Amino acid sequence: MYRRKKNRQITRHKKTKIDGIEFQSKLESHMYLLLKSEKIPNAYEGQKFTIIDGFDINFSSYEKTPKKKFLHDKGHKKILPITYTPDFVDTNIPPRYIIECKGNPNERFPMVWKLFKRYLKNNNITADLFVPRNQKDCLEVIKIIKEKYFN
């Protein structure tokens with residue numbers, strides 16, 4: 001039986017640095033180079049969205065945690081907000097397009113992505129969303145953005 005070591009990387013992404021910007025994956029750096037070569041305005045991780053606000057709970061919540069293997073009270077405190085930072089956001093306000101590069105999505109991504117879409121709908125933000133999974137998809141995203149906004 002194998003045990004997973006703490007602080008180990010779960011996904012296979014490799015961080016890269018271009019123009020002084022540290023990208024979380026090769027796919028993100030590839031997307032950046034394409035956007036730059038086509039002179040498409042964007043901000044890398046330039047906007048953070050709070051999709052669910054934080055709140056206080058004034059009741060008990062008995063839970064187990066990785067450090068404490070017994071039920072203990074984790075209530076009576078502030079619950080942090082759920083935020084989402086897309087990879088590339090248009091520099092226009094409101095943004096015309098949002099790009100999230102996802103080679104291998106983790107278990108959390110589908111739920112947060114749905115919450116993000118709900119946030120955009122509730123705030124009347126009609127940005128086009130793109131989720132390229134490989135370099136070929138990145139080229140297609142560039143083609144669509146150029147045809148739609150820069151022709």
# chains A, B, ... in the order shown; residues from 1 in each chain; ligands from 1
call {"tool": "residues_around", "arguments": {"residues": "range 70-76 of chain A", "least_positions_apart": "6", "cutoff": "12 Å", "atoms": "only C-alpha atoms", "output": "PDB file with N, CA, C and O atoms, in the first residue's frame"}}
result
ATOM      1  N   PHE A  55     -18.667  34.815   5.392  1.00  0.00           N
ATOM      2  CA  PHE A  55     -19.731  35.037   6.376  1.00  0.00           C
ATOM      3  C   PHE A  55     -19.285  34.498   7.732  1.00  0.00           C
ATOM      4  O   PHE A  55     -18.335  33.732   7.834  1.00  0.00           O
ATOM      5  N   ASP A  56     -19.983  34.940   8.781  1.00  0.00           N
ATOM      6  CA  ASP A  56     -19.709  34.459  10.138  1.00  0.00           C
ATOM      7  C   ASP A  56     -20.736  33.406  10.508  1.00  0.00           C
ATOM      8  O   ASP A  56     -21.917  33.536  10.171  1.00  0.00           O
ATOM      9  N   ILE A  57     -20.282  32.368  11.218  1.00  0.00           N
ATOM     10  CA  ILE A  57     -21.241  31.408  11.761  1.00  0.00           C
ATOM     11  C   ILE A  57     -21.198  31.534  13.281  1.00  0.00           C
ATOM     12  O   ILE A  57     -20.135  31.653  13.877  1.00  0.00           O
ATOM     13  N   ASN A  58     -22.370  31.579  13.896  1.00  0.00           N
ATOM     14  CA  ASN A  58     -22.446  31.749  15.347  1.00  0.00           C
ATOM     15  C   ASN A  58     -23.020  30.493  15.998  1.00  0.00           C
ATOM     16  O   ASN A  58     -23.777  30.574  16.950  1.00  0.00           O
ATOM     17  N   PHE A  59     -22.656  29.356  15.451  1.00  0.00           N
ATOM     18  CA  PHE A  59     -23.096  28.080  16.001  1.00  0.00           C
ATOM     19  C   PHE A  59     -21.941  27.095  15.964  1.00  0.00           C
ATOM     20  O   PHE A  59     -20.916  27.346  15.344  1.00  0.00           O
ATOM     21  N   SER A  60     -22.109  25.981  16.633  1.00  0.00           N
ATOM     22  CA  SER A  60     -21.058  24.961  16.670  1.00  0.00           C
ATOM     23  C   SER A  60     -21.096  24.106  15.420  1.00  0.00           C
ATOM     24  O   SER A  60     -22.160  23.874  14.845  1.00  0.00           O
ATOM     25  N   SER A  61     -19.925  23.645  15.017  1.00  0.00           N
ATOM     26  CA  SER A  61     -19.802  22.743  13.876  1.00  0.00           C
ATOM     27  C   SER A  61     -18.723  21.731  14.224  1.00  0.00           C
ATOM     28  O   SER A  61     -17.536  22.044  14.168  1.00  0.00           O
ATOM     29  N   TYR A  62     -19.144  20.535  14.611  1.00  0.00           N
ATOM     30  CA  TYR A  62     -18.197  19.509  15.055  1.00  0.00           C
ATOM     31  C   TYR A  62     -17.701  18.708  13.852  1.00  0.00           C
ATOM     32  O   TYR A  62     -18.475  18.080  13.158  1.00  0.00           O
ATOM     33  N   GLU A  63     -16.389  18.775  13.625  1.00  0.00           N
ATOM     34  CA  GLU A  63     -15.789  18.165  12.441  1.00  0.00           C
ATOM     35  C   GLU A  63     -14.457  17.523  12.787  1.00  0.00           C
ATOM     36  O   GLU A  63     -13.802  17.915  13.751  1.00  0.00           O
ATOM     37  N   LYS A  64     -14.065  16.557  11.958  1.00  0.00           N
ATOM     38  CA  LYS A  64     -12.717  15.997  12.026  1.00  0.00           C
ATOM     39  C   LYS A  64     -11.861  16.745  11.020  1.00  0.00           C
ATOM     40  O   LYS A  64     -12.345  17.200   9.994  1.00  0.00           O
TER      41      LYS A  64
END
call {"tool": "residues_around", "arguments": {"residues": "Arg96 in chain A", "least_positions_apart": "6", "cutoff": "8 Å", "atoms": "only C-alpha atoms", "output": "ChimeraX atom specification"}}
result
/A:90,126-128
call {"tool": "select_by_dssp", "arguments": {"residues": "range 37-120 of chain A", "states": "alpha helix (DSSP H)", "output": "VMD selection string"}}
result
chain A and resid 37 109 to 120
call {"tool": "residues_around", "arguments": {"residues": "Tyr149 in chain A", "least_positions_apart": "4", "cutoff": "12 Å", "atoms": "only C-alpha atoms", "output": "count of residues only"}}
result
14
call {"tool": "select_by_dssp", "arguments": {"residues": "chain A", "states": "strand (DSSP E or B)", "output": "PyMOL selection string"}}
result
chain A and resi 16-18+21-23+43-44+49-52+55-56+62-63+72-73+78-79+82-84+88-89+97-99+128-130
call {"tool": "residues_around", "arguments": {"residues": "Val131 in chain A", "least_positions_apart": "4", "cutoff": "7 Å", "atoms": "only C-alpha atoms", "output": "list in words"}}
result
Ile99, Glu100, Cys101 and Lys102 of chain A
call {"tool": "closest_residue", "arguments": {"among": "A:Ile98, A:Val89, A:Cys138, A:Ile79", "to": "Glu45 in chain A", "atoms": "only C-alpha atoms"}}
result
A:Val89
